[in-house]
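Visitor: Handing you this structure, nothing more for now.
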Amino acid sequence: MCDPLKITMLLVKRIVIAICCVIVLSACGIGRGAEPMPSPTATRTPSPSHTPTVTATLTPTPILAVEATPEATPADAVTREIQDALRLLYITENETCWKAARTLGRIGPAAIPALIPILKEAENEEVRGAAAYALGEMGAAAIPAVPALVEALEDEESFVRTITAEALGKIGPGAVEAVPALAKAMTMGPGGDFRAVYALGSIGPEAVEAVPALIEALEHHLSQSMDTAVYYALVQITAQDFGYNVEAWRQWWETSHPALTNTVTVPDTPDAMHDFGSLVVALQDETVWLLAENEAPQLLAYGFSPEISPDGHWVVDIHHLEEYSTVPLFRLLDTHNRTEKLLFLPEDGKTCFIYGRAWSPDSRYIAFTCGGDIKHIYFGDLWMVDVVDSTIMQIAERDAGIPHFSPDGKWIATSTPWIGWTHGSIALWHVASKRNQALFGPLYQLYLEWADDSSGFAAAFQKGSEGLELWWIPVDDTPVQLGYLPGAFRARWQPNTERLVYTGPPGNPGSVHLVNRDGSADKVIPGSEGMSFPEDPPWSPDGHWLLLVDSNDLPYIVDTNVPHLPIPLSVDRVHGWVDATHYLASTYREGVSELYLYTLPEACQSLARFEGVIRSLSYTQQVYRP
């Protein structure tokens, strides 16, 4: 039989333990009701008092200027910033030293006295290379460091020599003192140092004494990359273009070099550019930033997929009022006074899709195709909005497509996309009269490009399962077939429609081919196996250079006048062309995107840094001034 006293004591002990557990759990918050989850209908747009989740600032170097010294930073604060960055420069894990190098480059000439001893004496080659990189980031402001960089061209580590050559190229014409050393460095190694050659090209006409050595290097064919670099440097230095013809270069040099310095002009470089226009950048967190000329980035809106008008006045973007909304709103933003209005109203709550947007050349109109619940997305209506008086007009009912304005703005060619079925088509619309002419259909893939004089456009499309038909479609005459490309699947026309590039189908793209507009003179670009071209316009505006990407989407550039091996670019992504000799590119490291302005092929200048991934951008050469 159990002892009643023992049973009573045991029960009391258990009750006390239970009470203690309740007290502890209550203190930890367990057992209370859980905190409410955010409402799925919470708005994306924070209140005006909230701090933006992304910071984006220009480096202290203005976009178009050379000086890099922060003008408004007190001297003692600059000194502390330099000291902090110098300490981090010696930490080579997790790219810490390269972050510190970018900071020192941003600070500018004030950091030069501290960087020169490191460049010469640091035991770790990565630290020495980071010091050279920091000096290069200063551009022409680092001219006082040129003698030290010349010494570094003889560093025992090829890694340091390469970074040093790139730094001298970024300094540009002010690094003329380094020309003999760069000419010597370009011959080092079995295949030569093509980075030193690019540096000579960036120095430009001031590097004229290196021309004989460059011609000799071209004659020896050290490597494909070296030949391409030498050709680039010769053109930049001499303002002549004899391709890869060694004898032509030598003959010209022997007859013309005495007057060379009086006849050539300085090539267009980022330091000399004065017409950088307007740029809108969309980040992955759906913030949209505006960069205009040398101003710091400004938060323009919360949205995505922005497109700026040719005059820089307007931006159209997409916005959701609610997080899980199925009705996107298309807004028109004024870059001058920051006002906004809806581009159009959704149809009585129906889901509306816009799958094509295009600005007229005069920035007066924006055309778009709109589908909805009752219409297939590829059979939408073609509309056009007058952004000045806010009137909206319908050009076509159904059977429209992605609009492509002619350069004079009088015509719109529409290409209905292929989305799983053979519903693609091509039509031509006269804007003023709304007169249309259906041209081809049904089609699979199709690609259009207007001629510069608006006389017509070139088209490449698939009617069957294989090959592309090539056509010339005039605005006032009968279309004419130019040729046929068997096995071709993707294509992009050169801006003047004289040539195009193409690849094979997905899964078996083969190489990238370059052909004339009628399909003749088919040439494979050497070293392009497995490559393709980006969705953004791959051609430079003058049709000289072509951007490619490999299977990992890493970018390359090709001289299409004399095709050689594609040149790998030291960036993660190329976003598009600024003009015939400059393009926009970015890198992404540890949560930070850095946007660059590049001079062909790889001289660069930092434009801005953003926290987060760059999702898309849109550029125009104009800045709106009311």
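Naming scheme: A, B, ... for chains in displayed order of the structure tokens; residues 1 onward per chain; ligands 1 onward as shown.
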I need the residues in segment 128-346 of chain A that are strand (DSSP E or B) according to DSSP; give them as a ChimeraX atom specification.

Guide: /A:278-283,287-292,298-302,304-308,314-319,329-334,340-342

Visitor: So that I can check the secondary structure, give me every residue of segment 83-161 of chain A assigned helix (DSSP H, G or I) by backbone DSSP, as a ChimeraX atom specification.

Guide: /A:83-89,93-107,109-121,125-137,139-152,158-161

Visitor: Which residue is closest to Thr478 of chain A? Choose from A:Gln437, A:Asn516, A:Ser454, A:Ser551 and count only C-alpha atoms.

Guide: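 Among the listed residues, the smallest separation from Thr478 of chain A belongs to A:Gln437.
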
Visitor: For Ser223 of chain A, which residue out of A:Val127, A:Ala110, A:Leu565, A:Val211 is the nearest one, using only C-alpha atoms?

Guide: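 Smallest distance to Ser223 of chain A is found for A:Leu565.
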
Visitor: Mind checking which residues fall within 7 Å of segment 78-89 of chain A, counting only C-alpha atoms, ignoring those fewer than 6 positions away in the same chain, and posting them as JSON, numbers by chain?

Guide: {"A": [96, 97, 100, 101, 103, 104, 111, 127]}

Visitor: Taking all heavy atoms for each residue, export the selection above as a PDB file, in the first residue's frame.

Guide:
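This went into selection.pdb:
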ATOM      1  N   THR A  96      38.092  41.703 -49.790  1.00  0.00           N
ATOM      2  CA  THR A  96      38.123  42.907 -48.954  1.00  0.00           C
ATOM      3  C   THR A  96      39.111  43.925 -49.493  1.00  0.00           C
ATOM      4  O   THR A  96      38.839  45.131 -49.516  1.00  0.00           O
ATOM      5  CB  THR A  96      38.477  42.536 -47.506  1.00  0.00           C
ATOM      6  OG1 THR A  96      37.488  41.634 -46.995  1.00  0.00           O
ATOM      7  CG2 THR A  96      38.525  43.775 -46.618  1.00  0.00           C
ATOM      8  N   CYS A  97      40.277  43.458 -49.939  1.00  0.00           N
ATOM      9  CA  CYS A  97      41.292  44.407 -50.416  1.00  0.00           C
ATOM     10  C   CYS A  97      40.824  45.131 -51.669  1.00  0.00           C
ATOM     11  O   CYS A  97      41.145  46.308 -51.873  1.00  0.00           O
ATOM     12  CB  CYS A  97      42.623  43.697 -50.661  1.00  0.00           C
ATOM     13  SG  CYS A  97      42.652  42.567 -52.057  1.00  0.00           S
ATOM     14  N   ALA A 100      38.507  47.851 -50.665  1.00  0.00           N
ATOM     15  CA  ALA A 100      39.305  48.963 -50.148  1.00  0.00           C
ATOM     16  C   ALA A 100      39.954  49.732 -51.295  1.00  0.00           C
ATOM     17  O   ALA A 100      40.069  50.965 -51.250  1.00  0.00           O
ATOM     18  CB  ALA A 100      40.364  48.434 -49.187  1.00  0.00           C
ATOM     19  N   ALA A 101      40.405  48.996 -52.323  1.00  0.00           N
ATOM     20  CA  ALA A 101      41.031  49.660 -53.479  1.00  0.00           C
ATOM     21  C   ALA A 101      40.039  50.574 -54.180  1.00  0.00           C
ATOM     22  O   ALA A 101      40.385  51.686 -54.598  1.00  0.00           O
ATOM     23  CB  ALA A 101      41.578  48.613 -54.447  1.00  0.00           C
ATOM     24  N   THR A 103      37.525  52.040 -52.784  1.00  0.00           N
ATOM     25  CA  THR A 103      37.341  53.198 -51.904  1.00  0.00           C
ATOM     26  C   THR A 103      38.477  54.197 -52.080  1.00  0.00           C
ATOM     27  O   THR A 103      38.252  55.414 -52.191  1.00  0.00           O
ATOM     28  CB  THR A 103      37.270  52.742 -50.440  1.00  0.00           C
ATOM     29  OG1 THR A 103      36.151  51.868 -50.265  1.00  0.00           O
ATOM     30  CG2 THR A 103      37.132  53.928 -49.494  1.00  0.00           C
ATOM     31  N   LEU A 104      39.704  53.719 -52.129  1.00  0.00           N
ATOM     32  CA  LEU A 104      40.853  54.606 -52.305  1.00  0.00           C
ATOM     33  C   LEU A 104      40.810  55.285 -53.667  1.00  0.00           C
ATOM     34  O   LEU A 104      41.163  56.460 -53.801  1.00  0.00           O
ATOM     35  CB  LEU A 104      42.144  53.810 -52.134  1.00  0.00           C
ATOM     36  CG  LEU A 104      42.413  53.308 -50.702  1.00  0.00           C
ATOM     37  CD1 LEU A 104      43.502  52.235 -50.697  1.00  0.00           C
ATOM     38  CD2 LEU A 104      42.817  54.466 -49.792  1.00  0.00           C
ATOM     39  N   ALA A 111      44.933  59.998 -51.775  1.00  0.00           N
ATOM     40  CA  ALA A 111      45.415  58.666 -51.380  1.00  0.00           C
ATOM     41  C   ALA A 111      46.686  58.257 -52.104  1.00  0.00           C
ATOM     42  O   ALA A 111      47.288  57.230 -51.765  1.00  0.00           O
ATOM     43  CB  ALA A 111      44.320  57.631 -51.637  1.00  0.00           C
ATOM     44  N   VAL A 127      47.956  42.518 -52.940  1.00  0.00           N
ATOM     45  CA  VAL A 127      47.915  43.861 -52.357  1.00  0.00           C
ATOM     46  C   VAL A 127      48.561  44.867 -53.314  1.00  0.00           C
ATOM     47  O   VAL A 127      48.038  45.972 -53.522  1.00  0.00           O
ATOM     48  CB  VAL A 127      48.610  43.878 -50.984  1.00  0.00           C
ATOM     49  CG1 VAL A 127      48.669  45.308 -50.431  1.00  0.00           C
ATOM     50  CG2 VAL A 127      47.879  42.971 -50.007  1.00  0.00           C
TER      51      VAL A 127
END

Visitor: Nearest to Val571 of chain A: which of A:Leu597, A:Leu468, A:Ala183, A:Ala301 is it, counting only C-alpha atoms?

Guide: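 That would be A:Leu597, the residue with the smallest distance to Val571 of chain A.
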
Visitor: Quote the spacing between atom CA of Pro506 of chain A and atom CA of Lys463 of chain A in Å to one decimal place.

Guide: 17.4 Å

Visitor: Between A:Asp155, A:Leu500, A:Glu594, A:Asn245, which residue has the minimum interatomic distance to Asn124 of chain A, considering only C-alpha atoms?

Guide: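 Ranked by minimum distance to Asn124 of chain A, first place goes to A:Asp155.
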
Visitor: Atom CA of Ala181 of chain A and atom CA of Ser570 of chain A are how many Å apart?

Guide: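 Taking atom CA of Ala181 of chain A and atom CA of Ser570 of chain A, their separation equals 23.7 Å.
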
Visitor: Compare A:Glu466, A:Glu125, A:Asp453, A:Asp559 by their minimum atom-to-atom distance to Pro526 of chain A, counting only C-alpha atoms, and give me the closest one.

Guide: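 The answer is A:Asp559, which sits nearest to Pro526 of chain A.
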